[in-house]
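So this one's protein.cif, mmCIF, N, CA and C atoms:
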```cif
data_upload
#
loop_
_atom_site.label_atom_id
_atom_site.label_comp_id
_atom_site.auth_asym_id
_atom_site.auth_seq_id
_atom_site.Cartn_x
_atom_site.Cartn_y
_atom_site.Cartn_z
N MET A 1 -1.02 -19.29 6.99
CA MET A 1 0.35 -18.82 6.90
C MET A 1 0.83 -19.06 5.47
N SER A 2 1.51 -18.06 4.91
CA SER A 2 1.99 -18.21 3.55
C SER A 2 3.49 -18.50 3.55
N ASN A 3 4.02 -18.81 2.39
CA ASN A 3 5.45 -19.05 2.23
C ASN A 3 6.15 -17.81 1.70
N TYR A 4 5.56 -16.66 1.90
CA TYR A 4 6.09 -15.40 1.42
C TYR A 4 7.44 -15.12 2.06
N THR A 5 8.44 -14.82 1.24
CA THR A 5 9.75 -14.42 1.72
C THR A 5 9.88 -12.93 1.48
N GLU A 6 10.10 -12.19 2.54
CA GLU A 6 10.17 -10.74 2.42
C GLU A 6 11.37 -10.32 1.60
N GLN A 7 11.12 -9.47 0.61
CA GLN A 7 12.16 -8.94 -0.24
C GLN A 7 11.99 -7.43 -0.29
N ARG A 8 12.07 -6.78 0.83
CA ARG A 8 11.78 -5.36 0.97
C ARG A 8 12.85 -4.50 0.33
N HIS A 9 12.45 -3.63 -0.61
CA HIS A 9 13.34 -2.68 -1.25
C HIS A 9 12.97 -1.24 -0.87
N PHE A 10 11.86 -1.08 -0.17
CA PHE A 10 11.34 0.24 0.16
C PHE A 10 11.09 0.34 1.66
N SER A 11 11.35 1.52 2.21
CA SER A 11 11.14 1.74 3.64
C SER A 11 9.66 1.72 3.96
N ARG A 12 9.33 1.02 5.02
CA ARG A 12 7.95 1.01 5.51
C ARG A 12 7.74 2.21 6.42
N ILE A 13 6.63 2.86 6.24
CA ILE A 13 6.25 3.97 7.10
C ILE A 13 5.09 3.48 7.96
N PRO A 14 5.29 3.29 9.26
CA PRO A 14 4.17 2.88 10.11
C PRO A 14 3.07 3.93 10.02
N PHE A 15 1.84 3.48 9.82
CA PHE A 15 0.74 4.43 9.63
C PHE A 15 -0.54 3.77 10.08
N ASP A 16 -1.25 4.41 10.97
CA ASP A 16 -2.53 3.91 11.44
C ASP A 16 -3.63 4.75 10.82
N ALA A 17 -4.36 4.16 9.89
CA ALA A 17 -5.43 4.87 9.21
C ALA A 17 -6.47 3.86 8.74
N GLU A 18 -7.65 4.36 8.45
CA GLU A 18 -8.70 3.51 7.90
C GLU A 18 -8.43 3.27 6.42
N ALA A 19 -8.74 2.07 5.98
CA ALA A 19 -8.60 1.72 4.56
C ALA A 19 -9.78 0.86 4.16
N ARG A 20 -10.03 0.82 2.86
CA ARG A 20 -11.08 -0.05 2.33
C ARG A 20 -10.52 -0.87 1.18
N ILE A 21 -10.93 -2.12 1.15
CA ILE A 21 -10.58 -3.04 0.08
C ILE A 21 -11.87 -3.35 -0.66
N THR A 22 -11.86 -3.19 -1.98
CA THR A 22 -13.03 -3.52 -2.78
C THR A 22 -12.65 -4.58 -3.80
N ASP A 23 -13.43 -5.65 -3.84
CA ASP A 23 -13.24 -6.72 -4.81
C ASP A 23 -13.98 -6.29 -6.09
N PRO A 24 -13.27 -6.04 -7.18
CA PRO A 24 -13.93 -5.55 -8.40
C PRO A 24 -14.86 -6.56 -9.06
N GLN A 25 -14.71 -7.83 -8.73
CA GLN A 25 -15.57 -8.85 -9.33
C GLN A 25 -16.98 -8.84 -8.77
N ASN A 26 -17.12 -8.53 -7.46
CA ASN A 26 -18.45 -8.55 -6.87
C ASN A 26 -18.80 -7.27 -6.11
N ASN A 27 -17.92 -6.26 -6.20
CA ASN A 27 -18.09 -4.97 -5.52
C ASN A 27 -18.21 -5.08 -4.01
N ALA A 28 -17.80 -6.19 -3.42
CA ALA A 28 -17.80 -6.32 -1.96
C ALA A 28 -16.70 -5.42 -1.40
N THR A 29 -17.04 -4.62 -0.39
CA THR A 29 -16.10 -3.70 0.22
C THR A 29 -15.91 -4.05 1.69
N TYR A 30 -14.65 -4.04 2.13
CA TYR A 30 -14.30 -4.38 3.50
C TYR A 30 -13.47 -3.25 4.10
N THR A 31 -13.77 -2.89 5.33
CA THR A 31 -13.01 -1.88 6.04
C THR A 31 -11.89 -2.56 6.81
N VAL A 32 -10.68 -2.03 6.67
CA VAL A 32 -9.49 -2.57 7.33
C VAL A 32 -8.69 -1.40 7.92
N ARG A 33 -7.62 -1.71 8.64
CA ARG A 33 -6.69 -0.70 9.16
C ARG A 33 -5.40 -0.76 8.36
N LEU A 34 -4.92 0.38 7.96
CA LEU A 34 -3.61 0.48 7.34
C LEU A 34 -2.57 0.39 8.45
N LEU A 35 -1.61 -0.50 8.30
CA LEU A 35 -0.56 -0.69 9.31
C LEU A 35 0.74 0.00 8.92
N ASP A 36 1.08 -0.11 7.64
CA ASP A 36 2.23 0.63 7.12
C ASP A 36 2.09 0.82 5.63
N ILE A 37 2.92 1.72 5.11
CA ILE A 37 2.82 2.10 3.70
C ILE A 37 4.21 2.35 3.16
N SER A 38 4.42 2.12 1.87
CA SER A 38 5.68 2.42 1.20
C SER A 38 5.36 2.92 -0.20
N LEU A 39 6.40 3.23 -0.96
CA LEU A 39 6.18 3.68 -2.33
C LEU A 39 5.65 2.58 -3.23
N LYS A 40 5.81 1.33 -2.84
CA LYS A 40 5.42 0.21 -3.70
C LYS A 40 4.25 -0.61 -3.17
N GLY A 41 3.90 -0.44 -1.88
CA GLY A 41 2.83 -1.27 -1.34
C GLY A 41 2.35 -0.82 0.02
N ALA A 42 1.43 -1.59 0.56
CA ALA A 42 0.84 -1.28 1.86
C ALA A 42 0.57 -2.58 2.61
N LEU A 43 0.54 -2.47 3.92
CA LEU A 43 0.19 -3.59 4.78
C LEU A 43 -1.05 -3.19 5.55
N THR A 44 -2.08 -4.05 5.50
CA THR A 44 -3.34 -3.79 6.20
C THR A 44 -3.70 -4.98 7.07
N THR A 45 -4.70 -4.75 7.91
CA THR A 45 -5.29 -5.88 8.62
C THR A 45 -6.11 -6.67 7.62
N GLN A 46 -6.42 -7.91 7.96
CA GLN A 46 -7.24 -8.76 7.10
C GLN A 46 -8.65 -8.79 7.66
N PRO A 47 -9.65 -8.43 6.85
CA PRO A 47 -11.02 -8.46 7.36
C PRO A 47 -11.49 -9.90 7.58
N ASP A 48 -12.25 -10.10 8.64
CA ASP A 48 -12.73 -11.43 8.98
C ASP A 48 -13.63 -12.03 7.91
N ALA A 49 -14.51 -11.23 7.35
CA ALA A 49 -15.53 -11.74 6.44
C ALA A 49 -15.06 -11.88 5.00
N ALA A 50 -13.91 -11.34 4.67
CA ALA A 50 -13.46 -11.33 3.28
C ALA A 50 -12.81 -12.64 2.88
N SER A 51 -13.05 -13.03 1.64
CA SER A 51 -12.33 -14.17 1.08
C SER A 51 -11.33 -13.59 0.08
N THR A 52 -10.20 -13.16 0.60
CA THR A 52 -9.17 -12.54 -0.22
C THR A 52 -8.24 -13.61 -0.78
N GLU A 53 -7.64 -13.31 -1.93
CA GLU A 53 -6.79 -14.28 -2.60
C GLU A 53 -5.46 -13.65 -2.97
N ILE A 54 -4.39 -14.40 -2.79
CA ILE A 54 -3.07 -13.95 -3.22
C ILE A 54 -3.05 -13.83 -4.75
N ASN A 55 -2.37 -12.81 -5.25
CA ASN A 55 -2.22 -12.48 -6.67
C ASN A 55 -3.47 -11.87 -7.30
N LYS A 56 -4.54 -11.73 -6.56
CA LYS A 56 -5.75 -11.10 -7.08
C LYS A 56 -5.64 -9.59 -6.86
N THR A 57 -6.15 -8.81 -7.82
CA THR A 57 -6.09 -7.36 -7.73
C THR A 57 -7.39 -6.81 -7.16
N TYR A 58 -7.23 -5.89 -6.21
CA TYR A 58 -8.35 -5.24 -5.53
C TYR A 58 -8.20 -3.73 -5.67
N GLN A 59 -9.26 -3.01 -5.42
CA GLN A 59 -9.19 -1.56 -5.30
C GLN A 59 -8.88 -1.27 -3.83
N LEU A 60 -7.83 -0.52 -3.58
CA LEU A 60 -7.42 -0.17 -2.23
C LEU A 60 -7.60 1.32 -2.06
N GLU A 61 -8.35 1.73 -1.05
CA GLU A 61 -8.57 3.14 -0.77
C GLU A 61 -8.12 3.44 0.64
N LEU A 62 -7.22 4.41 0.75
CA LEU A 62 -6.67 4.80 2.05
C LEU A 62 -7.17 6.19 2.41
N SER A 63 -7.62 6.36 3.64
CA SER A 63 -8.10 7.65 4.12
C SER A 63 -7.06 8.22 5.07
N LEU A 64 -6.46 9.33 4.67
CA LEU A 64 -5.43 9.97 5.47
C LEU A 64 -5.94 11.33 5.93
N SER A 65 -5.95 11.54 7.23
CA SER A 65 -6.44 12.80 7.79
C SER A 65 -5.29 13.59 8.39
N GLY A 66 -5.39 14.90 8.29
CA GLY A 66 -4.39 15.75 8.90
C GLY A 66 -4.63 17.19 8.52
N SER A 67 -4.26 18.10 9.39
CA SER A 67 -4.39 19.54 9.17
C SER A 67 -5.81 19.93 8.78
N GLY A 68 -6.79 19.26 9.36
CA GLY A 68 -8.18 19.63 9.13
C GLY A 68 -8.77 19.16 7.82
N ASN A 69 -8.05 18.36 7.06
CA ASN A 69 -8.65 17.84 5.83
C ASN A 69 -8.36 16.35 5.69
N GLU A 70 -9.08 15.73 4.79
CA GLU A 70 -8.91 14.29 4.56
C GLU A 70 -8.51 14.06 3.12
N THR A 71 -7.50 13.23 2.92
CA THR A 71 -7.03 12.88 1.59
C THR A 71 -7.31 11.40 1.37
N ARG A 72 -7.82 11.08 0.20
CA ARG A 72 -8.07 9.69 -0.15
C ARG A 72 -7.12 9.27 -1.27
N LEU A 73 -6.39 8.20 -1.00
CA LEU A 73 -5.52 7.62 -2.01
C LEU A 73 -6.20 6.37 -2.54
N GLN A 74 -6.34 6.29 -3.85
CA GLN A 74 -7.00 5.13 -4.46
C GLN A 74 -6.06 4.51 -5.47
N MET A 75 -5.90 3.20 -5.35
CA MET A 75 -5.04 2.48 -6.28
C MET A 75 -5.51 1.05 -6.46
N GLU A 76 -5.12 0.48 -7.59
CA GLU A 76 -5.30 -0.95 -7.79
C GLU A 76 -4.08 -1.61 -7.16
N ALA A 77 -4.32 -2.66 -6.38
CA ALA A 77 -3.22 -3.33 -5.69
C ALA A 77 -3.50 -4.82 -5.63
N SER A 78 -2.47 -5.60 -5.83
CA SER A 78 -2.64 -7.05 -5.74
C SER A 78 -2.05 -7.55 -4.42
N ILE A 79 -2.63 -8.62 -3.92
CA ILE A 79 -2.16 -9.22 -2.67
C ILE A 79 -0.93 -10.06 -2.98
N VAL A 80 0.16 -9.78 -2.27
CA VAL A 80 1.39 -10.56 -2.46
C VAL A 80 1.65 -11.51 -1.30
N HIS A 81 1.04 -11.23 -0.13
CA HIS A 81 1.15 -12.18 0.98
C HIS A 81 0.04 -11.92 1.99
N MET A 82 -0.30 -12.98 2.71
CA MET A 82 -1.27 -12.91 3.81
C MET A 82 -0.74 -13.77 4.93
N ASP A 83 -0.53 -13.18 6.11
CA ASP A 83 -0.17 -13.96 7.28
C ASP A 83 -0.52 -13.21 8.55
N ASP A 84 -0.80 -13.98 9.58
CA ASP A 84 -1.06 -13.45 10.92
C ASP A 84 -2.09 -12.33 10.93
N GLY A 85 -3.15 -12.48 10.13
CA GLY A 85 -4.21 -11.48 10.11
C GLY A 85 -3.85 -10.20 9.38
N ARG A 86 -2.81 -10.25 8.55
CA ARG A 86 -2.37 -9.09 7.79
C ARG A 86 -2.32 -9.42 6.30
N ILE A 87 -2.52 -8.38 5.48
CA ILE A 87 -2.46 -8.52 4.03
C ILE A 87 -1.41 -7.56 3.50
N GLY A 88 -0.48 -8.07 2.70
CA GLY A 88 0.51 -7.24 2.03
C GLY A 88 0.09 -6.99 0.59
N PHE A 89 -0.04 -5.73 0.23
CA PHE A 89 -0.45 -5.33 -1.12
C PHE A 89 0.73 -4.74 -1.87
N GLN A 90 0.77 -4.97 -3.19
CA GLN A 90 1.70 -4.30 -4.07
C GLN A 90 0.87 -3.50 -5.06
N TYR A 91 1.18 -2.20 -5.20
CA TYR A 91 0.41 -1.34 -6.09
C TYR A 91 0.61 -1.77 -7.54
N GLN A 92 -0.47 -1.75 -8.30
CA GLN A 92 -0.43 -2.06 -9.72
C GLN A 92 -0.67 -0.82 -10.58
N ASN A 93 -1.55 0.06 -10.07
CA ASN A 93 -1.94 1.23 -10.85
C ASN A 93 -2.51 2.28 -9.91
N MET A 94 -2.17 3.56 -10.17
CA MET A 94 -2.76 4.66 -9.40
C MET A 94 -2.73 5.92 -10.25
N ASP A 95 -3.62 6.85 -9.94
CA ASP A 95 -3.64 8.10 -10.69
C ASP A 95 -2.51 9.01 -10.23
N LEU A 96 -2.28 10.08 -10.97
CA LEU A 96 -1.18 10.99 -10.69
C LEU A 96 -1.32 11.68 -9.34
N ASP A 97 -2.54 12.08 -8.96
CA ASP A 97 -2.74 12.73 -7.66
C ASP A 97 -2.38 11.79 -6.51
N THR A 98 -2.82 10.54 -6.62
CA THR A 98 -2.50 9.56 -5.58
C THR A 98 -0.99 9.35 -5.50
N ALA A 99 -0.33 9.24 -6.65
CA ALA A 99 1.13 9.05 -6.66
C ALA A 99 1.83 10.24 -6.01
N ALA A 100 1.37 11.45 -6.29
CA ALA A 100 1.98 12.65 -5.71
C ALA A 100 1.78 12.68 -4.19
N HIS A 101 0.58 12.36 -3.72
CA HIS A 101 0.31 12.33 -2.27
C HIS A 101 1.15 11.25 -1.59
N LEU A 102 1.24 10.09 -2.21
CA LEU A 102 2.03 8.99 -1.65
C LEU A 102 3.50 9.39 -1.56
N HIS A 103 4.02 9.97 -2.62
CA HIS A 103 5.41 10.42 -2.64
C HIS A 103 5.66 11.41 -1.50
N ARG A 104 4.78 12.38 -1.34
CA ARG A 104 4.94 13.40 -0.30
C ARG A 104 4.85 12.79 1.10
N LEU A 105 3.91 11.86 1.29
CA LEU A 105 3.76 11.19 2.58
C LEU A 105 5.04 10.46 2.96
N VAL A 106 5.59 9.70 2.02
CA VAL A 106 6.82 8.95 2.30
C VAL A 106 7.97 9.92 2.52
N GLU A 107 8.07 10.94 1.70
CA GLU A 107 9.14 11.92 1.83
C GLU A 107 9.14 12.59 3.20
N LEU A 108 7.97 13.01 3.66
CA LEU A 108 7.88 13.66 4.97
C LEU A 108 8.24 12.72 6.11
N ASN A 109 7.87 11.46 5.98
CA ASN A 109 8.11 10.52 7.07
C ASN A 109 9.52 9.94 7.07
N LEU A 110 10.17 9.91 5.93
CA LEU A 110 11.55 9.41 5.89
C LEU A 110 12.50 10.43 6.51
N GLY A 111 12.30 11.70 6.19
CA GLY A 111 13.14 12.75 6.76
C GLY A 111 14.59 12.69 6.32
N ASP A 112 14.89 11.96 5.26
CA ASP A 112 16.26 11.81 4.78
C ASP A 112 16.24 11.89 3.26
N GLU A 113 16.78 12.98 2.72
CA GLU A 113 16.73 13.21 1.28
C GLU A 113 17.46 12.12 0.49
N LYS A 114 18.61 11.68 0.98
CA LYS A 114 19.36 10.63 0.27
C LYS A 114 18.60 9.31 0.25
N LEU A 115 17.94 8.97 1.34
CA LEU A 115 17.13 7.76 1.39
C LEU A 115 15.96 7.86 0.41
N MET A 116 15.34 9.02 0.33
CA MET A 116 14.23 9.22 -0.61
C MET A 116 14.72 9.08 -2.05
N GLU A 117 15.89 9.62 -2.36
CA GLU A 117 16.45 9.48 -3.71
C GLU A 117 16.70 8.01 -4.04
N ARG A 118 17.22 7.25 -3.06
CA ARG A 118 17.46 5.82 -3.28
C ARG A 118 16.15 5.09 -3.54
N GLU A 119 15.11 5.44 -2.78
CA GLU A 119 13.82 4.79 -2.95
C GLU A 119 13.22 5.10 -4.31
N LEU A 120 13.34 6.33 -4.77
CA LEU A 120 12.82 6.69 -6.08
C LEU A 120 13.59 5.97 -7.19
N ALA A 121 14.90 5.83 -7.04
CA ALA A 121 15.69 5.08 -8.02
C ALA A 121 15.26 3.62 -8.04
N GLU A 122 15.01 3.07 -6.86
CA GLU A 122 14.56 1.67 -6.76
C GLU A 122 13.18 1.51 -7.41
N LEU A 123 12.30 2.48 -7.20
CA LEU A 123 10.97 2.45 -7.82
C LEU A 123 11.08 2.49 -9.34
N ALA A 124 11.98 3.29 -9.85
CA ALA A 124 12.19 3.37 -11.31
C ALA A 124 12.61 2.02 -11.86
N LYS A 125 13.47 1.29 -11.12
CA LYS A 125 13.89 -0.05 -11.56
C LYS A 125 12.71 -1.01 -11.62
N PHE A 126 11.81 -0.94 -10.60
CA PHE A 126 10.66 -1.83 -10.56
C PHE A 126 9.69 -1.55 -11.69
N ASN A 127 9.60 -0.30 -12.11
CA ASN A 127 8.62 0.09 -13.12
C ASN A 127 9.14 -0.08 -14.54
N ASN A 128 10.39 -0.48 -14.70
CA ASN A 128 10.93 -0.71 -16.05
C ASN A 128 10.88 -2.16 -16.43
#
```

This entry written out as structure tokens:
Amino acid sequence: MSNYTEQRHFSRIPFDAEARITDPQNNATYTVRLLDISLKGALTTQPDAASTEINKTYQLELSLSGSGNETRLQMEASIVHMDDGRIGFQYQNMDLDTAAHLHRLVELNLGDEKLMERELAELAKFNN
């Protein structure tokens, strides 16, 4: 159990999908389940065999399926908390395609234009 205090600024989108965590130091890859996603981070299950560390950066790959195709989002993400068999990631870096897909995913699931505008403004504050 960690002492993480939730400071959520972004809406969580519940999402059940396969994800992979890769440790760049030893290339060990672990399959996990994506539990929810936001513009700034993701929550996954914690793999049994992995020795994950808070504040360490991993490669996070999310597989999203729909409409007969599969989209892969790849980003560098650091662990900000681990509790109850779950890992909270905060994105550190992602390519433009991944950012566009993530933005669209959140936009479609929020269903509220004003809320999406607020989230984008909040993201701009975090990135400055």

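Residues with any atom within 5 Å of segment 42-50 of chain A, counting all atoms listed in the file and excluding same-chain neighbours fewer than 4 positions away, are Arg33, Leu34, Leu35, Asp36, Ile37, Ser38, Gly85, Arg86, Ile87, Gly88 and Phe89 of chain A.
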
At most 6 Å from (-2.3, 8.1, -4.0), file frame, only C-alpha atoms: which residues, as JSON, numbers by chain?
{"A": [73, 74, 97, 98, 99, 101, 102]}

Please produce a file of the residues just selected, as a PDB file, in the coordinates of the input, where the atoms kept are N, CA and C atoms.
```
ATOM      1  N   LEU A  73      -6.390   8.200  -1.000  1.00  0.00           N
ATOM      2  CA  LEU A  73      -5.520   7.620  -2.010  1.00  0.00           C
ATOM      3  C   LEU A  73      -6.200   6.370  -2.540  1.00  0.00           C
ATOM      4  N   GLN A  74      -6.340   6.290  -3.850  1.00  0.00           N
ATOM      5  CA  GLN A  74      -7.000   5.130  -4.460  1.00  0.00           C
ATOM      6  C   GLN A  74      -6.060   4.510  -5.470  1.00  0.00           C
ATOM      7  N   ASP A  97      -2.540  12.080  -8.960  1.00  0.00           N
ATOM      8  CA  ASP A  97      -2.740  12.730  -7.660  1.00  0.00           C
ATOM      9  C   ASP A  97      -2.380  11.790  -6.510  1.00  0.00           C
ATOM     10  N   THR A  98      -2.820  10.540  -6.620  1.00  0.00           N
ATOM     11  CA  THR A  98      -2.500   9.560  -5.580  1.00  0.00           C
ATOM     12  C   THR A  98      -0.990   9.350  -5.500  1.00  0.00           C
ATOM     13  N   ALA A  99      -0.330   9.240  -6.650  1.00  0.00           N
ATOM     14  CA  ALA A  99       1.130   9.050  -6.660  1.00  0.00           C
ATOM     15  C   ALA A  99       1.830  10.240  -6.010  1.00  0.00           C
ATOM     16  N   HIS A 101       0.580  12.360  -3.720  1.00  0.00           N
ATOM     17  CA  HIS A 101       0.310  12.330  -2.270  1.00  0.00           C
ATOM     18  C   HIS A 101       1.150  11.250  -1.590  1.00  0.00           C
ATOM     19  N   LEU A 102       1.240  10.090  -2.210  1.00  0.00           N
ATOM     20  CA  LEU A 102       2.030   8.990  -1.650  1.00  0.00           C
ATOM     21  C   LEU A 102       3.500   9.390  -1.560  1.00  0.00           C
TER      22      LEU A 102
END
```

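Note that atom CA of Ile79 of chain A and atom CA of Val106 of chain A are 20.9 Å apart.
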
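Distances to Ile21 of chain A were evaluated for A:Val80, A:Leu39, A:Leu60, A:Leu108 using only N, CA and C atoms, and the minimum falls at A:Leu60.
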
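The nearest approach to Thr22 of chain A among the residues A:Glu76, A:Glu107, A:Thr71, A:Gly41, with only C-alpha atoms taken into account, belongs to A:Glu76.
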
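Nearest-residue note for Ala17 of chain A: choosing from A:Asn55, A:Thr31, A:Ser78, A:Asn93, the minimum distance belongs to A:Thr31, counting only C-alpha atoms.
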
My list of candidates is A:Ala100, A:Ala77, A:Leu64, A:Met82. Which is closest to Asp23 of chain A when distances are computed with only C-alpha atoms?
A:Ala77

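Atom CA of Ile13 of chain A to atom C of Ile54 of chain A spans 23.3 Å [interatomic distance, one decimal].
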
As an MDAnalysis selection string, which residues of segment 56-103 of chain A does DSSP assign to alpha helix (DSSP H)?
chainID A and resid 96:103

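Straight-line separation from atom CA of Pro14 of chain A to atom CA of Lys56 of chain A: 24.3 Å.
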
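Using all atoms listed in the file, the smallest distance between any of A:Ala19, A:Met75, A:Ser63, A:Asn26 and Asp95 of chain A comes from A:Met75.
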
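Among the candidate residues A:Gln59, A:Ser51, A:Asn69, A:Asn109, the one lying nearest to Gln25 of chain A is A:Gln59, with distances computed using only N, CA and C atoms.
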
Report, as lines of an AutoDock Vina configuration file, the axis-aligned box around all atoms of segment 21-29 of chain A present in the file, extended by 4 Å on each side; give centre and edge lengths in Å to one decimal place.
```
center_x = -14.7
center_y = -5.5
center_z = -3.8
size_x = 16.2
size_y = 14.7
size_z = 19.0
```

Incomplete segment 9-26 of chain A filled out to N, CA, C and O atoms as a PDB file, in the coordinates of the input:
```
ATOM      1  N   HIS A   9      12.450  -3.630  -0.610  1.00  0.00           N
ATOM      2  CA  HIS A   9      13.340  -2.680  -1.250  1.00  0.00           C
ATOM      3  C   HIS A   9      12.970  -1.240  -0.870  1.00  0.00           C
ATOM      4  O   HIS A   9      13.669  -0.315  -1.235  1.00  0.00           O
ATOM      5  N   PHE A  10      11.860  -1.080  -0.170  1.00  0.00           N
ATOM      6  CA  PHE A  10      11.340   0.240   0.160  1.00  0.00           C
ATOM      7  C   PHE A  10      11.090   0.340   1.660  1.00  0.00           C
ATOM      8  O   PHE A  10      10.662  -0.612   2.291  1.00  0.00           O
ATOM      9  N   SER A  11      11.350   1.520   2.210  1.00  0.00           N
ATOM     10  CA  SER A  11      11.140   1.740   3.640  1.00  0.00           C
ATOM     11  C   SER A  11       9.660   1.720   3.960  1.00  0.00           C
ATOM     12  O   SER A  11       8.856   2.337   3.258  1.00  0.00           O
ATOM     13  N   ARG A  12       9.330   1.020   5.020  1.00  0.00           N
ATOM     14  CA  ARG A  12       7.950   1.010   5.510  1.00  0.00           C
ATOM     15  C   ARG A  12       7.740   2.210   6.420  1.00  0.00           C
ATOM     16  O   ARG A  12       8.568   2.489   7.279  1.00  0.00           O
ATOM     17  N   ILE A  13       6.630   2.860   6.240  1.00  0.00           N
ATOM     18  CA  ILE A  13       6.250   3.970   7.100  1.00  0.00           C
ATOM     19  C   ILE A  13       5.090   3.480   7.960  1.00  0.00           C
ATOM     20  O   ILE A  13       3.995   3.230   7.437  1.00  0.00           O
ATOM     21  N   PRO A  14       5.290   3.290   9.260  1.00  0.00           N
ATOM     22  CA  PRO A  14       4.170   2.880  10.110  1.00  0.00           C
ATOM     23  C   PRO A  14       3.070   3.930  10.020  1.00  0.00           C
ATOM     24  O   PRO A  14       3.344   5.134  10.088  1.00  0.00           O
ATOM     25  N   PHE A  15       1.840   3.480   9.820  1.00  0.00           N
ATOM     26  CA  PHE A  15       0.740   4.430   9.630  1.00  0.00           C
ATOM     27  C   PHE A  15      -0.540   3.770  10.080  1.00  0.00           C
ATOM     28  O   PHE A  15      -0.884   2.687   9.608  1.00  0.00           O
ATOM     29  N   ASP A  16      -1.250   4.410  10.970  1.00  0.00           N
ATOM     30  CA  ASP A  16      -2.530   3.910  11.440  1.00  0.00           C
ATOM     31  C   ASP A  16      -3.630   4.750  10.820  1.00  0.00           C
ATOM     32  O   ASP A  16      -3.764   5.929  11.150  1.00  0.00           O
ATOM     33  N   ALA A  17      -4.360   4.160   9.890  1.00  0.00           N
ATOM     34  CA  ALA A  17      -5.430   4.870   9.210  1.00  0.00           C
ATOM     35  C   ALA A  17      -6.470   3.860   8.740  1.00  0.00           C
ATOM     36  O   ALA A  17      -6.196   2.672   8.621  1.00  0.00           O
ATOM     37  N   GLU A  18      -7.650   4.360   8.450  1.00  0.00           N
ATOM     38  CA  GLU A  18      -8.700   3.510   7.900  1.00  0.00           C
ATOM     39  C   GLU A  18      -8.430   3.270   6.420  1.00  0.00           C
ATOM     40  O   GLU A  18      -7.957   4.157   5.713  1.00  0.00           O
ATOM     41  N   ALA A  19      -8.740   2.070   5.980  1.00  0.00           N
ATOM     42  CA  ALA A  19      -8.600   1.720   4.560  1.00  0.00           C
ATOM     43  C   ALA A  19      -9.780   0.860   4.160  1.00  0.00           C
ATOM     44  O   ALA A  19     -10.450   0.263   5.007  1.00  0.00           O
ATOM     45  N   ARG A  20     -10.030   0.820   2.860  1.00  0.00           N
ATOM     46  CA  ARG A  20     -11.080  -0.050   2.330  1.00  0.00           C
ATOM     47  C   ARG A  20     -10.520  -0.870   1.180  1.00  0.00           C
ATOM     48  O   ARG A  20      -9.744  -0.365   0.372  1.00  0.00           O
ATOM     49  N   ILE A  21     -10.930  -2.120   1.150  1.00  0.00           N
ATOM     50  CA  ILE A  21     -10.580  -3.040   0.080  1.00  0.00           C
ATOM     51  C   ILE A  21     -11.870  -3.350  -0.660  1.00  0.00           C
ATOM     52  O   ILE A  21     -12.860  -3.755  -0.044  1.00  0.00           O
ATOM     53  N   THR A  22     -11.860  -3.190  -1.980  1.00  0.00           N
ATOM     54  CA  THR A  22     -13.030  -3.520  -2.780  1.00  0.00           C
ATOM     55  C   THR A  22     -12.650  -4.580  -3.800  1.00  0.00           C
ATOM     56  O   THR A  22     -11.668  -4.418  -4.537  1.00  0.00           O
ATOM     57  N   ASP A  23     -13.430  -5.650  -3.840  1.00  0.00           N
ATOM     58  CA  ASP A  23     -13.240  -6.720  -4.810  1.00  0.00           C
ATOM     59  C   ASP A  23     -13.980  -6.290  -6.090  1.00  0.00           C
ATOM     60  O   ASP A  23     -15.200  -6.179  -6.078  1.00  0.00           O
ATOM     61  N   PRO A  24     -13.270  -6.040  -7.180  1.00  0.00           N
ATOM     62  CA  PRO A  24     -13.930  -5.550  -8.400  1.00  0.00           C
ATOM     63  C   PRO A  24     -14.860  -6.560  -9.060  1.00  0.00           C
ATOM     64  O   PRO A  24     -15.732  -6.185  -9.831  1.00  0.00           O
ATOM     65  N   GLN A  25     -14.710  -7.830  -8.730  1.00  0.00           N
ATOM     66  CA  GLN A  25     -15.570  -8.850  -9.330  1.00  0.00           C
ATOM     67  C   GLN A  25     -16.980  -8.840  -8.770  1.00  0.00           C
ATOM     68  O   GLN A  25     -17.936  -9.104  -9.476  1.00  0.00           O
ATOM     69  N   ASN A  26     -17.120  -8.530  -7.460  1.00  0.00           N
ATOM     70  CA  ASN A  26     -18.450  -8.550  -6.870  1.00  0.00           C
ATOM     71  C   ASN A  26     -18.800  -7.270  -6.110  1.00  0.00           C
ATOM     72  O   ASN A  26     -19.826  -7.188  -5.458  1.00  0.00           O
TER      73      ASN A  26
END
```
